Each structure stands twice: as structure tokens, then as C-alpha cells.
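Listing of entry_32.cif; format and content: mmCIF, N, CA and C atoms.
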data_run
#
loop_
_atom_site.label_atom_id
_atom_site.label_comp_id
_atom_site.auth_asym_id
_atom_site.auth_seq_id
_atom_site.Cartn_x
_atom_site.Cartn_y
_atom_site.Cartn_z
N MET A 1 124.23 133.48 117.71
CA MET A 1 124.45 132.05 117.84
C MET A 1 123.28 131.43 118.59
N ILE A 2 122.69 130.39 118.03
CA ILE A 2 121.54 129.72 118.64
C ILE A 2 122.02 128.49 119.39
N ASP A 3 121.52 128.31 120.62
CA ASP A 3 121.86 127.15 121.42
C ASP A 3 120.96 125.99 120.97
N MET A 4 121.53 124.96 120.33
CA MET A 4 120.75 123.86 119.78
C MET A 4 120.20 122.93 120.86
N GLY A 5 120.79 122.96 122.06
CA GLY A 5 120.32 122.09 123.14
C GLY A 5 118.97 122.49 123.68
N SER A 6 118.59 123.76 123.53
CA SER A 6 117.33 124.23 124.09
C SER A 6 116.16 124.04 123.12
N ILE A 7 116.42 123.74 121.86
CA ILE A 7 115.36 123.57 120.88
C ILE A 7 114.87 122.12 120.94
N ASP A 8 113.55 121.97 121.15
CA ASP A 8 112.97 120.63 121.18
C ASP A 8 112.62 120.22 119.76
N SER A 9 113.21 119.14 119.30
CA SER A 9 112.91 118.67 117.96
C SER A 9 111.63 117.84 117.99
N THR A 10 110.97 117.73 116.87
CA THR A 10 109.73 116.98 116.76
C THR A 10 110.02 115.50 116.95
N VAL A 11 109.23 114.85 117.77
CA VAL A 11 109.39 113.42 118.03
C VAL A 11 108.17 112.71 117.47
N LYS A 12 108.41 111.77 116.57
CA LYS A 12 107.31 111.05 115.95
C LYS A 12 106.78 109.94 116.85
N ARG A 13 107.69 109.24 117.52
CA ARG A 13 107.30 108.14 118.40
C ARG A 13 107.93 108.30 119.77
N ARG A 14 107.20 107.87 120.78
CA ARG A 14 107.66 107.98 122.16
C ARG A 14 108.97 107.23 122.39
N ASN A 15 109.13 106.08 121.73
CA ASN A 15 110.36 105.28 121.92
C ASN A 15 111.33 105.43 120.76
N HIS A 16 111.10 106.41 119.88
CA HIS A 16 111.95 106.66 118.71
C HIS A 16 112.04 105.44 117.78
N GLY A 17 111.03 104.58 117.80
CA GLY A 17 110.97 103.43 116.91
C GLY A 17 111.85 102.27 117.34
N ARG A 18 112.32 102.30 118.60
CA ARG A 18 113.20 101.24 119.09
C ARG A 18 112.75 100.83 120.49
N SER A 19 113.29 99.70 120.96
CA SER A 19 112.99 99.27 122.33
C SER A 19 114.29 99.10 123.10
N LYS A 20 115.19 100.04 122.93
CA LYS A 20 116.55 99.94 123.49
C LYS A 20 116.56 100.26 124.98
N LYS A 21 116.03 101.40 125.37
CA LYS A 21 115.88 101.79 126.77
C LYS A 21 117.15 101.64 127.60
N GLY A 22 118.10 102.54 127.43
CA GLY A 22 119.26 102.59 128.30
C GLY A 22 120.46 101.78 127.82
N ARG A 23 120.28 100.97 126.80
CA ARG A 23 121.43 100.25 126.23
C ARG A 23 122.07 101.18 125.21
N GLY A 24 123.35 101.28 125.26
CA GLY A 24 124.03 102.20 124.34
C GLY A 24 124.04 101.69 122.92
N HIS A 25 124.27 100.40 122.74
CA HIS A 25 124.39 99.83 121.40
C HIS A 25 123.69 98.48 121.37
N VAL A 26 123.09 98.16 120.25
CA VAL A 26 122.40 96.89 120.06
C VAL A 26 122.95 96.25 118.81
N LYS A 27 123.13 94.92 118.83
CA LYS A 27 123.64 94.20 117.66
C LYS A 27 122.67 94.32 116.49
N PHE A 28 123.23 94.24 115.30
CA PHE A 28 122.41 94.30 114.09
C PHE A 28 122.03 92.90 113.66
N ILE A 29 120.85 92.79 113.07
CA ILE A 29 120.41 91.54 112.45
C ILE A 29 120.24 91.82 110.95
N ARG A 30 120.04 90.78 110.18
CA ARG A 30 119.78 90.93 108.75
C ARG A 30 118.31 90.64 108.47
N CYS A 31 117.70 91.51 107.71
CA CYS A 31 116.30 91.34 107.33
C CYS A 31 116.15 90.05 106.52
N ASP A 32 115.11 89.26 106.83
CA ASP A 32 114.89 87.99 106.12
C ASP A 32 114.51 88.20 104.67
N ASN A 33 113.99 89.37 104.34
CA ASN A 33 113.52 89.62 102.98
C ASN A 33 114.60 90.25 102.10
N CYS A 34 115.26 91.31 102.60
CA CYS A 34 116.18 92.06 101.74
C CYS A 34 117.62 92.07 102.26
N SER A 35 117.88 91.44 103.39
CA SER A 35 119.22 91.35 104.01
C SER A 35 119.77 92.71 104.42
N GLN A 36 118.92 93.68 104.62
CA GLN A 36 119.37 94.97 105.13
C GLN A 36 119.74 94.83 106.59
N ALA A 37 120.84 95.47 107.01
CA ALA A 37 121.23 95.48 108.41
C ALA A 37 120.28 96.39 109.18
N CYS A 38 119.73 95.86 110.26
CA CYS A 38 118.74 96.59 111.05
C CYS A 38 119.00 96.29 112.52
N PRO A 39 118.94 97.28 113.41
CA PRO A 39 119.15 96.99 114.83
C PRO A 39 118.13 95.98 115.33
N LYS A 40 118.57 95.06 116.18
CA LYS A 40 117.71 93.98 116.65
C LYS A 40 116.47 94.49 117.37
N ASP A 41 116.61 95.58 118.11
CA ASP A 41 115.46 96.10 118.84
C ASP A 41 114.48 96.85 117.95
N LYS A 42 114.92 97.27 116.78
CA LYS A 42 114.04 98.00 115.85
C LYS A 42 113.34 97.05 114.88
N ALA A 43 113.91 95.89 114.65
CA ALA A 43 113.34 94.94 113.69
C ALA A 43 111.97 94.46 114.14
N ILE A 44 111.11 94.17 113.18
CA ILE A 44 109.79 93.64 113.46
C ILE A 44 109.90 92.13 113.43
N LYS A 45 109.58 91.50 114.57
CA LYS A 45 109.78 90.07 114.73
C LYS A 45 108.43 89.36 114.85
N ARG A 46 108.26 88.28 114.11
CA ARG A 46 107.05 87.47 114.18
C ARG A 46 107.45 85.99 114.17
N ILE A 47 106.74 85.19 114.94
CA ILE A 47 107.01 83.75 114.98
C ILE A 47 105.91 83.04 114.20
N THR A 48 106.30 82.15 113.29
CA THR A 48 105.36 81.38 112.48
C THR A 48 105.46 79.92 112.89
N ILE A 49 104.33 79.31 113.20
CA ILE A 49 104.29 77.90 113.57
C ILE A 49 103.49 77.17 112.49
N ARG A 50 104.15 76.21 111.83
CA ARG A 50 103.48 75.45 110.78
C ARG A 50 103.72 73.97 110.98
N ASN A 51 102.85 73.15 110.41
CA ASN A 51 103.07 71.72 110.42
C ASN A 51 104.13 71.36 109.39
N MET A 52 104.94 70.34 109.69
CA MET A 52 105.97 69.92 108.74
C MET A 52 105.36 69.34 107.48
N VAL A 53 104.19 68.72 107.62
CA VAL A 53 103.55 68.04 106.49
C VAL A 53 102.18 68.70 106.25
N GLU A 54 101.82 68.88 104.99
CA GLU A 54 100.51 69.44 104.67
C GLU A 54 99.42 68.42 105.00
N PRO A 55 98.16 68.85 105.13
CA PRO A 55 97.09 67.94 105.57
C PRO A 55 96.93 66.68 104.72
N ALA A 56 97.10 66.80 103.40
CA ALA A 56 96.94 65.62 102.54
C ALA A 56 98.04 64.59 102.83
N GLY A 57 99.26 65.07 102.99
CA GLY A 57 100.37 64.18 103.32
C GLY A 57 100.23 63.60 104.71
N LYS A 58 99.64 64.36 105.61
CA LYS A 58 99.41 63.90 106.98
C LYS A 58 98.46 62.70 106.99
N ARG A 59 97.42 62.78 106.16
CA ARG A 59 96.45 61.68 106.06
C ARG A 59 97.11 60.44 105.48
N ASP A 60 97.94 60.63 104.44
CA ASP A 60 98.64 59.49 103.85
C ASP A 60 99.58 58.82 104.85
N MET A 61 100.27 59.64 105.64
CA MET A 61 101.18 59.08 106.64
C MET A 61 100.42 58.33 107.73
N ALA A 62 99.25 58.84 108.10
CA ALA A 62 98.44 58.17 109.13
C ALA A 62 97.97 56.82 108.64
N GLU A 63 97.60 56.71 107.36
CA GLU A 63 97.15 55.44 106.80
C GLU A 63 98.29 54.43 106.69
N ALA A 64 99.50 54.90 106.35
CA ALA A 64 100.64 54.00 106.15
C ALA A 64 101.38 53.70 107.46
N SER A 65 101.08 54.43 108.51
CA SER A 65 101.84 54.30 109.75
C SER A 65 101.40 53.09 110.57
N VAL A 66 102.34 52.54 111.32
CA VAL A 66 102.06 51.43 112.23
C VAL A 66 101.42 51.96 113.51
N TYR A 67 101.83 53.14 113.92
CA TYR A 67 101.33 53.73 115.14
C TYR A 67 99.94 54.32 114.93
N GLU A 68 99.08 54.18 115.93
CA GLU A 68 97.72 54.69 115.82
C GLU A 68 97.68 56.22 115.91
N SER A 69 98.41 56.77 116.86
CA SER A 69 98.43 58.22 116.99
C SER A 69 99.87 58.70 117.10
N TYR A 70 100.31 59.41 116.08
CA TYR A 70 101.66 59.97 116.06
C TYR A 70 101.54 61.45 115.76
N GLU A 71 102.07 62.25 116.66
CA GLU A 71 102.01 63.71 116.48
C GLU A 71 103.18 64.15 115.61
N ILE A 72 102.87 64.67 114.44
CA ILE A 72 103.92 65.14 113.52
C ILE A 72 104.47 66.46 114.07
N PRO A 73 105.79 66.60 114.14
CA PRO A 73 106.36 67.82 114.71
C PRO A 73 106.05 69.05 113.86
N LYS A 74 106.14 70.19 114.52
CA LYS A 74 105.87 71.46 113.86
C LYS A 74 107.18 72.18 113.56
N VAL A 75 107.12 73.12 112.62
CA VAL A 75 108.27 73.95 112.27
C VAL A 75 108.04 75.33 112.90
N TYR A 76 109.01 75.77 113.68
CA TYR A 76 108.92 77.07 114.33
C TYR A 76 109.91 78.01 113.64
N LEU A 77 109.40 79.06 113.00
CA LEU A 77 110.24 80.01 112.28
C LEU A 77 110.13 81.38 112.92
N LYS A 78 111.27 82.02 113.15
CA LYS A 78 111.27 83.39 113.64
C LYS A 78 111.64 84.30 112.48
N ASN A 79 110.70 85.13 112.06
CA ASN A 79 110.94 86.05 110.96
C ASN A 79 111.30 87.41 111.52
N GLN A 80 112.39 88.00 111.01
CA GLN A 80 112.83 89.32 111.41
C GLN A 80 112.93 90.18 110.17
N HIS A 81 112.19 91.29 110.17
CA HIS A 81 112.15 92.16 109.00
C HIS A 81 112.52 93.58 109.38
N CYS A 82 113.13 94.30 108.44
CA CYS A 82 113.35 95.73 108.63
C CYS A 82 111.99 96.42 108.49
N VAL A 83 111.91 97.67 108.89
CA VAL A 83 110.64 98.39 108.89
C VAL A 83 110.07 98.49 107.47
N GLY A 84 110.94 98.78 106.50
CA GLY A 84 110.48 98.93 105.11
C GLY A 84 109.85 97.66 104.57
N CYS A 85 110.48 96.52 104.82
CA CYS A 85 109.93 95.25 104.33
C CYS A 85 108.68 94.84 105.09
N ALA A 86 108.63 95.13 106.39
CA ALA A 86 107.45 94.79 107.18
C ALA A 86 106.23 95.56 106.67
N ILE A 87 106.43 96.81 106.27
CA ILE A 87 105.32 97.58 105.71
C ILE A 87 104.96 97.05 104.33
N HIS A 88 105.96 96.74 103.52
CA HIS A 88 105.73 96.23 102.16
C HIS A 88 105.01 94.89 102.18
N LEU A 89 105.38 94.01 103.11
CA LEU A 89 104.76 92.69 103.22
C LEU A 89 103.48 92.71 104.04
N ARG A 90 103.07 93.90 104.49
CA ARG A 90 101.85 94.11 105.26
C ARG A 90 101.85 93.36 106.59
N ILE A 91 103.02 93.22 107.18
CA ILE A 91 103.10 92.66 108.53
C ILE A 91 102.67 93.72 109.53
N VAL A 92 103.09 94.97 109.29
CA VAL A 92 102.61 96.11 110.06
C VAL A 92 102.04 97.12 109.08
N ARG A 93 101.18 98.01 109.57
CA ARG A 93 100.55 99.00 108.72
C ARG A 93 100.97 100.40 109.15
N VAL A 94 100.88 101.33 108.24
CA VAL A 94 101.11 102.74 108.56
C VAL A 94 99.87 103.23 109.29
N ARG A 95 100.09 103.92 110.42
CA ARG A 95 98.96 104.39 111.22
C ARG A 95 98.98 105.92 111.29
N SER A 96 97.81 106.50 111.50
CA SER A 96 97.70 107.96 111.59
C SER A 96 98.38 108.45 112.86
N ARG A 97 98.55 109.75 112.96
CA ARG A 97 99.25 110.34 114.11
C ARG A 97 98.54 110.02 115.42
N THR A 98 97.22 110.06 115.42
CA THR A 98 96.49 109.75 116.65
C THR A 98 96.49 108.25 116.94
N ALA A 99 96.44 107.42 115.91
CA ALA A 99 96.43 105.97 116.10
C ALA A 99 97.79 105.46 116.58
N ARG A 100 98.87 106.21 116.28
CA ARG A 100 100.20 105.81 116.71
C ARG A 100 100.35 105.82 118.23
N ARG A 101 99.52 106.62 118.89
CA ARG A 101 99.58 106.69 120.36
C ARG A 101 99.03 105.43 121.01
N ASN A 102 98.25 104.67 120.30
CA ASN A 102 97.67 103.44 120.83
C ASN A 102 98.76 102.38 120.93
N ARG A 103 99.16 102.03 122.15
CA ARG A 103 100.24 101.07 122.37
C ARG A 103 99.72 99.67 122.66
N ALA A 104 98.41 99.49 122.69
CA ALA A 104 97.83 98.18 122.98
C ALA A 104 98.12 97.23 121.82
N PRO A 105 98.41 95.95 122.12
CA PRO A 105 98.65 95.00 121.04
C PRO A 105 97.36 94.74 120.25
N PRO A 106 97.48 94.37 118.98
CA PRO A 106 96.27 94.10 118.19
C PRO A 106 95.53 92.90 118.74
N PRO A 107 94.24 92.78 118.48
CA PRO A 107 93.46 91.65 119.03
C PRO A 107 93.98 90.33 118.50
N ARG A 108 94.01 89.33 119.37
CA ARG A 108 94.49 88.00 118.99
C ARG A 108 93.32 87.14 118.58
N PHE A 109 93.48 86.44 117.50
CA PHE A 109 92.44 85.55 117.02
C PHE A 109 92.74 84.14 117.50
N PRO A 110 91.70 83.36 117.84
CA PRO A 110 91.95 82.00 118.34
C PRO A 110 92.60 81.13 117.26
N ILE A 111 93.44 80.20 117.71
CA ILE A 111 94.12 79.29 116.80
C ILE A 111 93.11 78.27 116.29
N LYS A 112 93.20 77.89 115.03
CA LYS A 112 92.25 76.98 114.41
C LYS A 112 92.24 75.62 115.09
N ASP A 113 93.42 75.11 115.52
CA ASP A 113 93.50 73.81 116.17
C ASP A 113 92.76 73.80 117.50
N ALA A 114 92.74 74.92 118.20
CA ALA A 114 92.06 75.02 119.49
C ALA A 114 90.55 74.85 119.32
N LYS A 115 90.00 75.36 118.20
CA LYS A 115 88.57 75.21 117.94
C LYS A 115 88.21 73.74 117.77
N LYS A 116 89.04 72.99 117.04
CA LYS A 116 88.75 71.57 116.80
C LYS A 116 88.85 70.77 118.09
N ALA A 117 89.82 71.10 118.95
CA ALA A 117 90.02 70.35 120.19
C ALA A 117 88.85 70.55 121.15
N SER A 118 88.30 71.78 121.20
CA SER A 118 87.21 72.05 122.13
C SER A 118 85.88 71.53 121.62
N ALA A 119 85.73 71.37 120.31
CA ALA A 119 84.46 70.92 119.72
C ALA A 119 84.27 69.43 119.84
#
Structure rendered as C-alpha cells:
Amino acid sequence: MIDMGSIDSTVKRRNHGRSKKGRGHVKFIRCDNCSQACPKDKAIKRITIRNMVEPAGKRDMAEASVYESYEIPKVYLKNQHCVGCAIHLRIVRVRSRTARRNRAPPPRFPIKDAKKASA
């Protein structure tokens, strides 16, 4: 009889692909792409900020508006995807065994609006 508690199983990721850390259970969310149930801490989450109106419509509104400067509100979307859809949609990439150890966030690129404001 083999004692299964003494055998160390192979671990692919340090956090087992989740960010639970001491919580016994985490609520499930639905993937925005395929509606698969996925634990909230395992889901890949990204926030998208877009203008409500495209640039051409923005110019038309500025010409027709009474106000000289009116800031059009933005749309804030939180996208939550299961791991399979995040890989398929290229939100995250498959990394090699050595690259998986790198826990640093990917480099951030400056926002396009910030360039115009500083120039």
C-alpha cells in the first residue's frame, strides 16, 4: 500500500492558476465570450475604456453644440473571460516553462490621449 500523502505531485504554477489564497470557496462568474462558469479568482479580467462616440461623430457634435467645450463621457467595460477564451482571443499567451516563472506585469504602453495632452 502506497501512502499518497507523501508523493509530491507536479505543480505547473505556484498559485495553481488562481488567486484564492486561504479562501475556501470563490463565487463563479460567467465568461463574456462563451458563458462558461469560471471561478472569479481564476478568470482573466481586463477593463476597456472607450469613448461613447467615434471621432467623426464627436466632431459633428462639437459643431452642432451650443457649449464650447463639452467632455463626452466614456464607456467603462469590465471583460471577464475563462482561460480557454482568453487564450483564443489572444488576451493572454501560452508561455514556456521558464517564462511562466516571470511574475512581473507586462510593460504598459502610454495612452494615446496622454500624448496629445502633453504635446
**Request:** Could you state which residues are captured by the PyMOL selection byres ((chain A and resi 70-84) around 8) in this file, as a ChimeraX atom specification?
**Result:** /A:29-39,42-53,62,66-69,85-90
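The coordinates place atom N of Ile111 (chain A) at 24.8 Å from atom N of Met61 (chain A).
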**Request:** For the structure provided, state which residues fall under the PyMOL selection byres ((chain A and resi 11-25) around 6.5), and present them as an NGL selection string.
**Result:** :A and (9-10 or 26-27 or 41-42)
**Item:** Point-to-point distance from atom N of Pro107 (chain A) to atom N of Arg95 (chain A), Å rounded to tenths
**Value:** 14.9 Å
Once 5 Å is added on each side, what centre and edge lengths in Å to one decimal does the axis-aligned box around all listed atoms of region 59-65 of chain A have, as JSON?
{"center_x": 99.1, "center_y": 57.9, "center_z": 107.2, "size_x": 15.4, "size_y": 19.7, "size_z": 16.7}
**Prompt:** Could you pull out the alpha helix (DSSP H) residues of chain A from DSSP and send them as a list in words?
**Reply:** Pro55, Ala56, Gly57, Lys58, Arg59, Asp60, Met61, Ala62, Glu63, Ala64, Val83, Gly84, Cys85, Ala86, Ile87, His88, Lys112, Asp113, Ala114, Lys115, Lys116, Ala117 and Ser118 of chain A
**Message:** Just the number, please: distance in Å from CA of Pro110 (chain A) to atom C of Arg59 (chain A), one decimal.
**Reply:** 25.6 Å
Output: region 40-119 of chain A of the preceding structure, restricted to C-alpha atoms, written as a JSON list (two decimals), in the first residue's frame.
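Saved the output as part_19.json:
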[["chain", "number", "residue", "atom", "x", "y", "z"],
["A", 40, "LYS", "CA", -13.89, 34.65, -10.16],
["A", 41, "ASP", "CA", -10.29, 34.47, -8.99],
["A", 42, "LYS", "CA", -9.25, 32.30, -11.96],
["A", 43, "ALA", "CA", -10.96, 34.41, -14.64],
["A", 44, "ILE", "CA", -8.85, 36.76, -16.73],
["A", 45, "LYS", "CA", -10.17, 40.28, -16.19],
["A", 46, "ARG", "CA", -9.48, 43.32, -18.37],
["A", 47, "ILE", "CA", -11.01, 46.81, -18.27],
["A", 48, "THR", "CA", -11.73, 48.55, -21.59],
["A", 49, "ILE", "CA", -12.23, 52.32, -21.69],
["A", 50, "ARG", "CA", -13.77, 53.71, -24.88],
["A", 51, "ASN", "CA", -15.41, 56.93, -25.97],
["A", 52, "MET", "CA", -19.19, 56.79, -26.32],
["A", 53, "VAL", "CA", -18.97, 58.49, -29.72],
["A", 54, "GLU", "CA", -16.49, 57.77, -32.51],
["A", 55, "PRO", "CA", -14.19, 60.66, -33.59],
["A", 56, "ALA", "CA", -16.28, 61.62, -36.65],
["A", 57, "GLY", "CA", -19.45, 61.84, -34.57],
["A", 58, "LYS", "CA", -17.56, 63.76, -31.90],
["A", 59, "ARG", "CA", -16.62, 66.43, -34.44],
["A", 60, "ASP", "CA", -20.21, 66.69, -35.66],
["A", 61, "MET", "CA", -21.47, 67.08, -32.10],
["A", 62, "ALA", "CA", -18.88, 69.78, -31.39],
["A", 63, "GLU", "CA", -20.01, 71.77, -34.44],
["A", 64, "ALA", "CA", -23.72, 71.46, -33.57],
["A", 65, "SER", "CA", -23.28, 72.04, -29.84],
["A", 66, "VAL", "CA", -24.01, 75.31, -28.04],
["A", 67, "TYR", "CA", -21.29, 74.65, -25.50],
["A", 68, "GLU", "CA", -17.70, 75.43, -26.48],
["A", 69, "SER", "CA", -16.11, 72.57, -24.57],
["A", 70, "TYR", "CA", -18.14, 69.53, -23.57],
["A", 71, "GLU", "CA", -16.42, 66.35, -22.46],
["A", 72, "ILE", "CA", -18.26, 63.35, -23.90],
["A", 73, "PRO", "CA", -18.47, 60.57, -21.29],
["A", 74, "LYS", "CA", -16.57, 57.34, -21.70],
["A", 75, "VAL", "CA", -17.80, 53.74, -21.55],
["A", 76, "TYR", "CA", -16.06, 51.57, -18.96],
["A", 77, "LEU", "CA", -16.37, 47.83, -19.66],
["A", 78, "LYS", "CA", -15.04, 45.03, -17.46],
["A", 79, "ASN", "CA", -14.39, 41.92, -19.53],
["A", 80, "GLN", "CA", -14.12, 38.58, -17.73],
["A", 81, "HIS", "CA", -13.01, 35.54, -19.70],
["A", 82, "CYS", "CA", -12.33, 31.91, -18.90],
["A", 83, "VAL", "CA", -8.76, 30.74, -19.55],
["A", 84, "GLY", "CA", -9.68, 28.99, -22.81],
["A", 85, "CYS", "CA", -11.34, 32.06, -24.32],
["A", 86, "ALA", "CA", -8.60, 34.40, -23.10],
["A", 87, "ILE", "CA", -6.03, 32.29, -24.95],
["A", 88, "HIS", "CA", -8.25, 32.02, -28.04],
["A", 89, "LEU", "CA", -8.88, 35.79, -28.14],
["A", 90, "ARG", "CA", -5.14, 36.39, -27.52],
["A", 91, "ILE", "CA", -5.72, 38.34, -24.33],
["A", 92, "VAL", "CA", -3.09, 36.12, -22.70],
["A", 93, "ARG", "CA", -0.49, 33.94, -24.39],
["A", 94, "VAL", "CA", 0.87, 30.48, -23.68],
["A", 95, "ARG", "CA", 4.32, 30.83, -22.13],
["A", 96, "SER", "CA", 7.22, 28.39, -21.85],
["A", 97, "ARG", "CA", 8.04, 26.67, -18.57],
["A", 98, "THR", "CA", 10.83, 29.12, -17.76],
["A", 99, "ALA", "CA", 8.81, 32.18, -18.85],
["A", 100, "ARG", "CA", 5.94, 31.12, -16.56],
["A", 101, "ARG", "CA", 8.14, 31.91, -13.57],
["A", 102, "ASN", "CA", 8.21, 35.57, -14.56],
["A", 103, "ARG", "CA", 5.52, 37.19, -12.38],
["A", 104, "ALA", "CA", 6.22, 40.78, -13.44],
["A", 105, "PRO", "CA", 3.32, 42.50, -15.24],
["A", 106, "PRO", "CA", 3.78, 43.13, -18.97],
["A", 107, "PRO", "CA", 5.11, 46.58, -19.96],
["A", 108, "ARG", "CA", 2.46, 49.30, -20.07],
["A", 109, "PHE", "CA", 2.20, 51.46, -23.13],
["A", 110, "PRO", "CA", 1.29, 55.15, -22.78],
["A", 111, "ILE", "CA", -2.32, 56.11, -23.50],
["A", 112, "LYS", "CA", -2.80, 57.92, -26.82],
["A", 113, "ASP", "CA", -4.76, 60.79, -25.19],
["A", 114, "ALA", "CA", -1.86, 61.49, -22.81],
["A", 115, "LYS", "CA", 0.48, 62.08, -25.78],
["A", 116, "LYS", "CA", -1.86, 64.71, -27.25],
["A", 117, "ALA", "CA", -2.30, 66.49, -23.90],
["A", 118, "SER", "CA", 1.46, 66.79, -23.28],
["A", 119, "ALA", "CA", 2.26, 67.93, -26.85]]
